[in-house]
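> Coordinates in my_file.txt, compact mmCIF, C-alpha atoms, are listed below.
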# COMPACT_ATOMS: atom_id res chain seq x y z
CA MET A 28 -36.76 -102.60 76.83
CA LEU A 29 -35.44 -105.77 78.48
CA THR A 30 -32.25 -107.16 76.97
CA ILE A 31 -32.46 -110.93 77.30
CA GLY A 32 -30.98 -113.99 75.66
CA CYS A 33 -29.22 -117.29 76.28
CA HIS A 34 -25.93 -119.04 75.58
CA LEU A 35 -25.60 -120.18 71.95
CA SER A 36 -23.15 -122.38 70.04
CA THR A 37 -20.74 -120.96 67.45
CA THR A 38 -20.79 -124.25 65.51
CA LYS A 39 -22.87 -122.89 62.61
CA GLY A 40 -21.26 -119.45 62.61
CA TYR A 41 -21.88 -115.98 63.93
CA ARG A 42 -24.90 -114.92 61.87
CA ALA A 43 -26.53 -118.25 62.67
CA MET A 44 -26.31 -117.39 66.37
CA GLY A 45 -28.08 -114.10 65.72
CA GLU A 46 -30.80 -115.84 63.71
CA THR A 47 -31.30 -118.40 66.47
CA ALA A 48 -31.60 -115.60 69.02
CA LEU A 49 -34.27 -113.89 66.94
CA SER A 50 -36.17 -117.16 66.52
CA ILE A 51 -36.61 -117.48 70.29
CA GLY A 52 -37.45 -113.81 70.87
CA ALA A 53 -34.00 -112.87 72.22
CA ASN A 54 -32.14 -109.63 71.52
CA THR A 55 -28.74 -110.70 72.83
CA PHE A 56 -26.81 -113.90 73.47
CA ALA A 57 -23.64 -115.30 75.00
CA PHE A 58 -21.07 -117.52 73.30
CA PHE A 59 -17.67 -119.07 74.02
CA THR A 60 -14.69 -117.48 72.30
CA ARG A 61 -13.28 -120.98 71.77
CA ASN A 62 -13.79 -124.48 73.16
CA PRO A 63 -14.65 -123.98 76.85
CA ARG A 64 -11.87 -126.42 77.72
CA GLY A 65 -9.35 -124.18 75.98
CA GLY A 66 -7.26 -124.82 72.89
CA LYS A 67 -6.87 -122.96 69.63
CA ALA A 68 -9.64 -120.65 68.48
CA LYS A 69 -11.15 -121.19 65.03
CA ASP A 70 -10.23 -118.60 62.42
CA LEU A 71 -12.82 -115.86 62.11
CA ASP A 72 -14.91 -115.65 58.94
CA MET A 73 -15.00 -111.86 58.67
CA ASP A 74 -17.93 -111.93 56.20
CA ASP A 75 -19.92 -114.02 58.67
CA VAL A 76 -19.05 -111.65 61.52
CA ALA A 77 -20.07 -108.65 59.38
CA ALA A 78 -23.37 -110.39 58.60
CA LEU A 79 -24.04 -110.75 62.33
CA ARG A 80 -23.25 -107.08 62.92
CA ASP A 81 -25.75 -106.13 60.20
CA LEU A 82 -28.42 -108.41 61.67
CA MET A 83 -27.85 -106.96 65.14
CA ALA A 84 -28.11 -103.40 63.89
CA GLN A 85 -31.34 -104.15 62.00
CA ASN A 86 -32.97 -105.81 65.02
CA ASP A 87 -31.86 -103.55 67.89
CA PHE A 88 -29.73 -106.12 69.68
CA GLY A 89 -28.17 -105.29 73.02
CA PRO A 90 -24.49 -106.02 73.78
CA LEU A 91 -23.31 -109.61 73.40
CA VAL A 92 -21.36 -111.54 76.03
CA ALA A 93 -18.31 -113.47 74.83
CA HIS A 94 -17.22 -115.99 77.48
CA ALA A 95 -13.59 -117.04 77.93
CA PRO A 96 -12.81 -120.76 78.38
CA TYR A 97 -12.97 -122.21 81.87
CA THR A 98 -9.34 -123.32 81.66
CA TYR A 99 -7.87 -119.82 82.03
CA ASN A 100 -6.25 -119.34 85.43
CA PRO A 101 -4.52 -115.95 85.66
CA CYS A 102 -3.60 -116.61 89.30
CA SER A 103 -2.23 -120.13 88.97
CA ALA A 104 0.86 -121.10 90.94
CA LYS A 105 2.34 -122.36 87.65
CA GLU A 106 3.98 -119.69 85.54
CA ARG A 107 3.15 -121.39 82.24
CA ALA A 108 -0.54 -121.54 83.18
CA ARG A 109 -0.51 -117.80 83.88
CA GLU A 110 1.27 -117.17 80.57
CA PHE A 111 -1.33 -119.21 78.70
CA ALA A 112 -4.16 -117.24 80.30
CA LEU A 113 -2.47 -113.99 79.27
CA GLU A 114 -1.76 -115.11 75.70
CA ALA A 115 -5.24 -116.51 75.14
CA MET A 116 -7.00 -113.49 76.63
CA ALA A 117 -4.93 -111.13 74.49
CA GLU A 118 -5.88 -113.14 71.40
CA ASP A 119 -9.56 -113.18 72.40
CA LEU A 120 -9.58 -109.41 72.86
CA ARG A 121 -7.99 -108.89 69.44
CA ARG A 122 -10.71 -111.08 67.93
CA MET A 123 -13.37 -109.09 69.79
CA GLU A 124 -12.38 -106.05 67.72
CA ALA A 125 -14.49 -107.60 64.95
CA LEU A 126 -17.53 -107.28 67.27
CA PRO A 127 -16.95 -103.92 68.95
CA GLY A 128 -19.09 -102.58 71.75
CA ASN A 129 -19.65 -105.91 73.50
CA TYR A 130 -18.57 -107.74 76.66
CA TYR A 131 -15.78 -110.24 77.34
CA ASN A 132 -16.47 -112.31 80.46
CA PHE A 133 -13.95 -114.46 82.33
CA HIS A 134 -13.55 -116.35 85.59
CA PRO A 135 -10.92 -114.63 87.77
CA GLY A 136 -9.31 -117.99 88.55
CA SER A 137 -8.15 -120.01 91.56
CA HIS A 138 -5.18 -119.14 93.75
CA VAL A 139 -4.57 -122.88 94.42
CA GLY A 140 -3.39 -122.38 97.98
CA GLN A 141 -1.22 -119.31 97.46
CA GLY A 142 -3.74 -117.12 99.22
CA VAL A 143 -6.28 -114.56 98.05
CA GLU A 144 -3.82 -111.66 98.24
CA ILE A 145 -1.37 -113.31 95.85
CA GLY A 146 -4.21 -114.45 93.60
CA ILE A 147 -5.64 -110.95 93.30
CA ASP A 148 -2.19 -109.51 92.61
CA PHE A 149 -1.64 -111.97 89.74
CA ILE A 150 -5.06 -111.13 88.24
CA VAL A 151 -4.39 -107.39 88.49
CA LYS A 152 -1.02 -107.84 86.79
CA GLN A 153 -2.61 -109.77 83.93
CA LEU A 154 -5.33 -107.19 83.37
CA ASN A 155 -2.85 -104.33 83.48
CA THR A 156 -0.76 -106.16 80.88
CA VAL A 157 -3.50 -107.20 78.48
CA LEU A 158 -5.83 -104.17 78.56
CA THR A 159 -5.21 -101.03 76.54
CA PRO A 160 -6.94 -97.66 76.94
CA ASP A 161 -8.69 -97.85 73.55
CA MET A 162 -9.05 -101.68 73.57
CA THR A 163 -8.36 -101.84 69.86
CA VAL A 164 -5.18 -102.15 67.84
CA ASP A 165 -6.78 -102.50 64.45
CA THR A 166 -6.85 -99.14 62.68
CA LEU A 167 -9.75 -100.04 60.37
CA CYS A 168 -11.90 -101.21 63.29
CA GLN A 169 -11.01 -98.08 65.22
CA MET A 170 -12.16 -95.88 62.33
CA MET A 171 -15.37 -97.83 61.82
CA PHE A 172 -16.39 -98.25 65.45
CA GLU A 173 -14.76 -95.42 67.33
CA GLY A 174 -15.89 -95.32 70.95
CA GLN A 175 -17.44 -98.81 70.87
CA GLN A 176 -14.82 -100.86 72.66
CA THR A 177 -14.83 -104.14 74.54
CA THR A 178 -15.59 -104.14 78.26
CA VAL A 179 -13.96 -106.96 80.24
CA LEU A 180 -16.18 -108.52 82.91
CA LEU A 181 -15.05 -110.30 86.06
CA GLU A 182 -17.56 -113.03 86.84
CA THR A 183 -18.83 -113.51 90.38
CA MET A 184 -17.75 -116.94 91.62
CA ALA A 185 -19.30 -119.52 93.95
CA GLY A 186 -16.13 -119.78 96.07
CA LYS A 187 -15.51 -123.48 95.52
CA GLY A 188 -12.01 -124.59 96.39
CA THR A 189 -9.69 -121.60 96.10
CA GLU A 190 -11.70 -119.54 93.61
CA VAL A 191 -11.06 -115.81 93.64
CA GLY A 192 -14.15 -113.62 93.26
CA ARG A 193 -16.35 -115.34 95.81
CA SER A 194 -17.26 -111.99 97.38
CA PHE A 195 -18.06 -108.55 96.05
CA GLU A 196 -15.09 -107.27 98.07
CA GLU A 197 -12.64 -109.50 96.19
CA LEU A 198 -13.93 -108.31 92.83
CA SER A 199 -13.78 -104.70 94.00
CA ARG A 200 -10.16 -105.18 95.07
CA ILE A 201 -9.25 -106.43 91.58
CA ILE A 202 -10.92 -103.46 89.90
CA GLU A 203 -9.37 -101.01 92.35
CA GLY A 204 -5.98 -102.67 91.91
CA VAL A 205 -6.10 -102.16 88.16
CA ALA A 206 -7.24 -98.55 88.53
CA ALA A 207 -4.55 -97.78 91.11
CA ARG A 208 -1.77 -98.81 88.75
CA ARG A 209 -3.38 -97.66 85.50
CA PRO A 210 -6.23 -95.16 86.07
CA GLU A 211 -6.87 -94.93 82.33
CA LEU A 212 -8.25 -98.50 82.42
CA SER A 213 -10.94 -97.75 85.02
CA ASP A 214 -13.82 -97.83 82.54
CA LYS A 215 -12.62 -100.99 80.75
CA LEU A 216 -13.73 -103.32 83.56
CA GLY A 217 -17.10 -104.44 84.83
CA VAL A 218 -18.73 -107.37 86.65
CA CYS A 219 -20.89 -110.21 85.39
CA LEU A 220 -23.25 -110.96 88.28
CA ASP A 221 -23.88 -114.70 87.97
CA THR A 222 -26.94 -115.28 90.15
CA CYS A 223 -26.26 -119.03 90.56
CA HIS A 224 -22.69 -118.39 91.72
CA VAL A 225 -23.76 -115.53 93.98
CA ASN A 226 -26.36 -117.74 95.64
CA ASP A 227 -23.84 -120.57 96.13
CA ALA A 228 -21.38 -118.06 97.64
CA GLY A 229 -23.89 -117.32 100.41
CA TYR A 230 -25.66 -114.18 99.20
CA ASP A 231 -29.40 -114.56 99.89
CA ILE A 232 -30.80 -113.58 96.52
CA ILE A 233 -33.87 -115.76 97.12
CA HIS A 234 -35.17 -113.88 100.16
CA ASP A 235 -33.30 -110.57 99.93
CA LEU A 236 -32.50 -109.80 96.30
CA ASP A 237 -32.82 -106.03 96.79
CA GLY A 238 -30.48 -106.18 99.76
CA VAL A 239 -27.88 -108.15 97.80
CA LEU A 240 -28.06 -105.72 94.90
CA ASP A 241 -27.73 -102.78 97.28
CA GLU A 242 -24.62 -104.41 98.78
CA PHE A 243 -23.21 -105.01 95.29
CA ASP A 244 -23.74 -101.35 94.37
CA ARG A 245 -22.14 -100.20 97.63
CA VAL A 246 -19.07 -102.45 97.38
CA VAL A 247 -18.44 -102.59 93.64
Would you mind writing the structure in this file as structure tokens?


Amino acid sequence: MLTIGCHLSTTKGYRAMGETALSIGANTFAFFTRNPRGGKAKDLDMDDVAALRDLMAQNDFGPLVAHAPYTYNPCSAKERAREFALEAMAEDLRRMEALPGNYYNFHPGSHVGQGVEIGIDFIVKQLNTVLTPDMTVDTLCQMMFEGQQTTVLLETMAGKGTEVGRSFEELSRIIEGVAARRPELSDKLGVCLDTCHVNDAGYDIIHDLDGVLDEFDRVV
């Protein structure tokens, strides 16, 4: 069965997103963890989150995709910007414990002239700091949803400016960098293949989609 959906707003709550998805024939959806421009996340209504989990279970939903704000830059030249990205991602992942078994997607960031090597190293350091082998610190959640942990996704980027992740090789180097330092985190990372970004980055998905996917499988 095809798992398909769209991006939905959290304005009316979590269960409301699930109901909207069902109303358009979707069985998954994406949502921002907080305002896409950053800032403080709204407090979770745990009853509302539980209601969404029930609705998903009753209607055979696939995994959801929670999207981090665009303002995160783990490889910024500014230390405070890197610290903010780390703090906010750690908070987002704690909040994702309420929706176990889903995806957390983020843009790797921009190296802002420092070079790809330094950018990748900063991203690897952040992931090695923020990820844990079980991806849950809440004992109750761990008992209720054992084995259903969050997978963090690196999004493919278009390569505008100094974006990191413009090629499959760059994403592979981030994943390999994390695994080299902490092998136990190898299965906590994945890739969100954004077809618009991939096309803008120069991969010919219009005329050679199979070839691009074969290259992705080979490299990543």

> Can you tell me how far CA of Lys187 in chain A sits from CA of Cys33 in chain A, in Å to one decimal?

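A separation of 24.4 Å between them.
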
> Adding 6 Å on each side of the box along x, y and z that holds all listed atoms of range 229-237 of chain A, could you give its centre and edge lengths in Å to one decimal, as AutoDock Vina command-line options?


--center_x -29.5 --center_y -111.7 --center_z 98.4 --size_x 23.3 --size_y 23.3 --size_z 16.1

> When you look at range 47-53 of chain A with a cut-off of 10 Å (counting all atoms listed in the file), what residues show up, excluding the ones that are within fewer than 2 positions of it in the same chain? I need them as a list of chain:residue names.

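Surrounding residues, per the criterion: A:Leu29, A:Thr30, A:Ile31, A:Gly32, A:Cys33, A:His34, A:Leu35, A:Ser36, A:Arg42, A:Ala43, A:Met44, A:Gly45, A:Thr55, A:Phe56, A:Ala57, A:Leu82, A:Met83, A:Asn86, A:Phe88, A:Gly89.
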
> Give me, as a PyMOL selection string, all polymer residues having an atom no more than 8 Å from range 96-103 of chain A, counting only C-alpha atoms and skipping those fewer than 6 positions away in the same chain.

chain A and resi 59-65+109-113+133-139+145-150+153

> Could you check the closest approach to Ser194 in chain A for each of A:Pro210, A:Gly238, A:Gly229, A:Pro160 and tell me which residue wins, using all atoms listed in the file?

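Of A:Pro210, A:Gly238, A:Gly229, A:Pro160, the one nearest Ser194 in chain A is A:Gly229, counting all atoms listed in the file.
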
> Considering all atoms listed in the file, state which residue in the set A:Tyr41, A:Phe58, A:Tyr230, A:Tyr131 is at the smallest distance from Gly186 in chain A.

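Ranked by minimum distance to Gly186 in chain A, first place goes to A:Tyr230.
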
> Which residues, written as a VMD selection string, have at least one atom at most 10 Å from Met73 in chain A, with only C-alpha atoms counted and residues fewer than 4 positions away on the same chain left out?

chain A and resid 41 77 to 79 125

> Suppose you want the space between CA of Val246 in chain A and CA of Met116 in chain A; what is it in Å?

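These atoms are spaced 26.4 Å apart.
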
> Between A:Phe195, A:Leu154, A:Leu180, A:Glu106, single out the one closest to Asp241 in chain A, counting all atoms listed in the file.

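Checking each candidate against Asp241 in chain A, we get A:Phe195 as the closest.
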
> Provide the CA of Leu91 in chain A to CA of Asn129 in chain A distance in Å, to one decimal place.

5.2 Å

> Here is a test: counting all atoms listed in the file, which residue of A:Thr156, A:Arg200, A:Glu182, A:Lys215 is nearest to Asn132 in chain A?

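Closest residue, counting all atoms listed in the file: A:Glu182.
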
> With only C-alpha atoms counted, which protein, DNA or RNA residues have an atom no more than 6 Å from (-19.1, -113.6, 86.1) in the file frame? Please answer as a VMD selection string.

chain A and resid 181 to 183 219 to 221

> For each of A:Ala95, A:Val225, A:Val157, A:Val151, take the minimum atom-to-atom distance to Ile202 in chain A, counting all atoms listed in the file, then give the residue where this is smallest.

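Nearest to Ile202 in chain A: A:Val151.
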
> Between A:Ile201, A:Ala117, A:Val179, A:Ile232, which residue has the minimum interatomic distance to Gly217 in chain A, considering all atoms listed in the file?

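Of the candidates, the smallest distance to Gly217 in chain A is held by A:Val179.
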
> Produce range 38-142 of chain A of the given structure as output with C-alpha atoms, as a PDB file, in the first residue's frame.


ATOM      1  CA  THR A  38      -2.606  25.133  14.604  1.00  0.00           C
ATOM      2  CA  LYS A  39      -5.700  23.090  15.521  1.00  0.00           C
ATOM      3  CA  GLY A  40      -3.781  20.334  17.284  1.00  0.00           C
ATOM      4  CA  TYR A  41      -2.411  16.891  16.601  1.00  0.00           C
ATOM      5  CA  ARG A  42      -5.613  14.866  16.234  1.00  0.00           C
ATOM      6  CA  ALA A  43      -6.966  17.548  13.913  1.00  0.00           C
ATOM      7  CA  MET A  44      -4.003  16.931  11.601  1.00  0.00           C
ATOM      8  CA  GLY A  45      -4.834  13.231  11.514  1.00  0.00           C
ATOM      9  CA  GLU A  46      -8.489  13.968  10.762  1.00  0.00           C
ATOM     10  CA  THR A  47      -7.513  16.338   7.953  1.00  0.00           C
ATOM     11  CA  ALA A  48      -5.230  13.680   6.494  1.00  0.00           C
ATOM     12  CA  LEU A  49      -8.062  11.141   6.501  1.00  0.00           C
ATOM     13  CA  SER A  50     -10.424  13.645   4.876  1.00  0.00           C
ATOM     14  CA  ILE A  51      -8.147  13.939   1.834  1.00  0.00           C
ATOM     15  CA  GLY A  52      -7.399  10.217   1.574  1.00  0.00           C
ATOM     16  CA  ALA A  53      -3.916  10.442   3.130  1.00  0.00           C
ATOM     17  CA  ASN A  54      -2.371   7.927   5.517  1.00  0.00           C
ATOM     18  CA  THR A  55       0.553  10.050   6.681  1.00  0.00           C
ATOM     19  CA  PHE A  56       1.511  13.714   6.896  1.00  0.00           C
ATOM     20  CA  ALA A  57       4.358  16.082   7.679  1.00  0.00           C
ATOM     21  CA  PHE A  58       4.337  18.929  10.194  1.00  0.00           C
ATOM     22  CA  PHE A  59       6.725  21.489  11.676  1.00  0.00           C
ATOM     23  CA  THR A  60       7.899  20.844  15.224  1.00  0.00           C
ATOM     24  CA  ARG A  61       7.615  24.595  15.872  1.00  0.00           C
ATOM     25  CA  ASN A  62       7.386  27.807  13.851  1.00  0.00           C
ATOM     26  CA  PRO A  63       9.533  27.192  10.741  1.00  0.00           C
ATOM     27  CA  ARG A  64      11.402  30.407  11.524  1.00  0.00           C
ATOM     28  CA  GLY A  65      12.406  29.009  14.910  1.00  0.00           C
ATOM     29  CA  GLY A  66      11.479  30.157  18.390  1.00  0.00           C
ATOM     30  CA  LYS A  67       9.900  28.402  21.338  1.00  0.00           C
ATOM     31  CA  ALA A  68       7.812  25.299  20.730  1.00  0.00           C
ATOM     32  CA  LYS A  69       4.247  25.217  22.054  1.00  0.00           C
ATOM     33  CA  ASP A  70       3.659  22.961  25.042  1.00  0.00           C
ATOM     34  CA  LEU A  71       2.385  19.532  24.047  1.00  0.00           C
ATOM     35  CA  ASP A  72      -1.180  18.571  24.928  1.00  0.00           C
ATOM     36  CA  MET A  73      -0.509  14.936  25.798  1.00  0.00           C
ATOM     37  CA  ASP A  74      -4.215  14.002  25.565  1.00  0.00           C
ATOM     38  CA  ASP A  75      -4.320  15.454  22.055  1.00  0.00           C
ATOM     39  CA  VAL A  76      -1.157  13.572  21.082  1.00  0.00           C
ATOM     40  CA  ALA A  77      -2.600  10.335  22.495  1.00  0.00           C
ATOM     41  CA  ALA A  78      -5.784  10.928  20.477  1.00  0.00           C
ATOM     42  CA  LEU A  79      -3.697  11.196  17.310  1.00  0.00           C
ATOM     43  CA  ARG A  80      -1.855   7.980  18.140  1.00  0.00           C
ATOM     44  CA  ASP A  81      -5.206   6.199  18.567  1.00  0.00           C
ATOM     45  CA  LEU A  82      -6.512   7.578  15.269  1.00  0.00           C
ATOM     46  CA  MET A  83      -3.333   6.504  13.475  1.00  0.00           C
ATOM     47  CA  ALA A  84      -3.520   2.994  14.885  1.00  0.00           C
ATOM     48  CA  GLN A  85      -7.184   2.637  13.899  1.00  0.00           C
ATOM     49  CA  ASN A  86      -6.557   3.814  10.330  1.00  0.00           C
ATOM     50  CA  ASP A  87      -3.246   2.111   9.476  1.00  0.00           C
ATOM     51  CA  PHE A  88      -1.189   5.278   9.146  1.00  0.00           C
ATOM     52  CA  GLY A  89       2.400   5.102   7.991  1.00  0.00           C
ATOM     53  CA  PRO A  90       5.213   6.959   9.792  1.00  0.00           C
ATOM     54  CA  LEU A  91       4.850  10.726  10.152  1.00  0.00           C
ATOM     55  CA  VAL A  92       7.530  13.262   9.225  1.00  0.00           C
ATOM     56  CA  ALA A  93       8.245  16.004  11.764  1.00  0.00           C
ATOM     57  CA  HIS A  94      10.219  18.823  10.127  1.00  0.00           C
ATOM     58  CA  ALA A  95      12.701  20.973  12.050  1.00  0.00           C
ATOM     59  CA  PRO A  96      12.628  24.768  11.535  1.00  0.00           C
ATOM     60  CA  TYR A  97      14.619  26.215   8.663  1.00  0.00           C
ATOM     61  CA  THR A  98      16.621  28.396  11.045  1.00  0.00           C
ATOM     62  CA  TYR A  99      18.719  25.543  12.468  1.00  0.00           C
ATOM     63  CA  ASN A 100      22.314  25.705  11.234  1.00  0.00           C
ATOM     64  CA  PRO A 101      24.458  23.043  12.906  1.00  0.00           C
ATOM     65  CA  CYS A 102      27.475  24.077  10.815  1.00  0.00           C
ATOM     66  CA  SER A 103      27.284  27.833  11.288  1.00  0.00           C
ATOM     67  CA  ALA A 104      30.498  29.796  11.788  1.00  0.00           C
ATOM     68  CA  LYS A 105      28.859  31.335  14.874  1.00  0.00           C
ATOM     69  CA  GLU A 106      29.136  29.233  18.004  1.00  0.00           C
ATOM     70  CA  ARG A 107      25.840  30.477  19.455  1.00  0.00           C
ATOM     71  CA  ALA A 108      23.995  29.502  16.261  1.00  0.00           C
ATOM     72  CA  ARG A 109      25.424  25.982  16.519  1.00  0.00           C
ATOM     73  CA  GLU A 110      24.449  25.827  20.200  1.00  0.00           C
ATOM     74  CA  PHE A 111      20.892  26.884  19.366  1.00  0.00           C
ATOM     75  CA  ALA A 112      20.616  24.184  16.707  1.00  0.00           C
ATOM     76  CA  LEU A 113      21.817  21.593  19.219  1.00  0.00           C
ATOM     77  CA  GLU A 114      19.505  22.750  22.018  1.00  0.00           C
ATOM     78  CA  ALA A 115      16.441  22.976  19.786  1.00  0.00           C
ATOM     79  CA  MET A 116      17.065  19.611  18.128  1.00  0.00           C
ATOM     80  CA  ALA A 117      17.517  17.946  21.508  1.00  0.00           C
ATOM     81  CA  GLU A 118      14.222  19.451  22.668  1.00  0.00           C
ATOM     82  CA  ASP A 119      12.453  18.367  19.469  1.00  0.00           C
ATOM     83  CA  LEU A 120      13.685  14.798  19.864  1.00  0.00           C
ATOM     84  CA  ARG A 121      12.471  14.683  23.464  1.00  0.00           C
ATOM     85  CA  ARG A 122       9.058  15.859  22.275  1.00  0.00           C
ATOM     86  CA  MET A 123       9.078  13.205  19.542  1.00  0.00           C
ATOM     87  CA  GLU A 124       9.034  10.560  22.277  1.00  0.00           C
ATOM     88  CA  ALA A 125       5.298  11.269  22.515  1.00  0.00           C
ATOM     89  CA  LEU A 126       4.972  10.100  18.880  1.00  0.00           C
ATOM     90  CA  PRO A 127       7.367   7.157  18.729  1.00  0.00           C
ATOM     91  CA  GLY A 128       8.235   5.309  15.555  1.00  0.00           C
ATOM     92  CA  ASN A 129       8.270   8.362  13.283  1.00  0.00           C
ATOM     93  CA  TYR A 130      10.771  10.543  11.410  1.00  0.00           C
ATOM     94  CA  TYR A 131      12.491  13.812  12.321  1.00  0.00           C
ATOM     95  CA  ASN A 132      13.720  15.670   9.239  1.00  0.00           C
ATOM     96  CA  PHE A 133      16.185  18.564   9.189  1.00  0.00           C
ATOM     97  CA  HIS A 134      18.286  20.597   6.772  1.00  0.00           C
ATOM     98  CA  PRO A 135      21.993  19.865   7.343  1.00  0.00           C
ATOM     99  CA  GLY A 136      22.796  23.585   7.216  1.00  0.00           C
ATOM    100  CA  SER A 137      25.188  25.971   5.465  1.00  0.00           C
ATOM    101  CA  HIS A 138      28.918  26.144   6.086  1.00  0.00           C
ATOM    102  CA  VAL A 139      28.876  29.909   5.293  1.00  0.00           C
ATOM    103  CA  GLY A 140      32.290  29.923   3.662  1.00  0.00           C
ATOM    104  CA  GLN A 141      34.134  27.675   6.098  1.00  0.00           C
ATOM    105  CA  GLY A 142      34.223  24.865   3.570  1.00  0.00           C
TER     106      GLY A 142
END
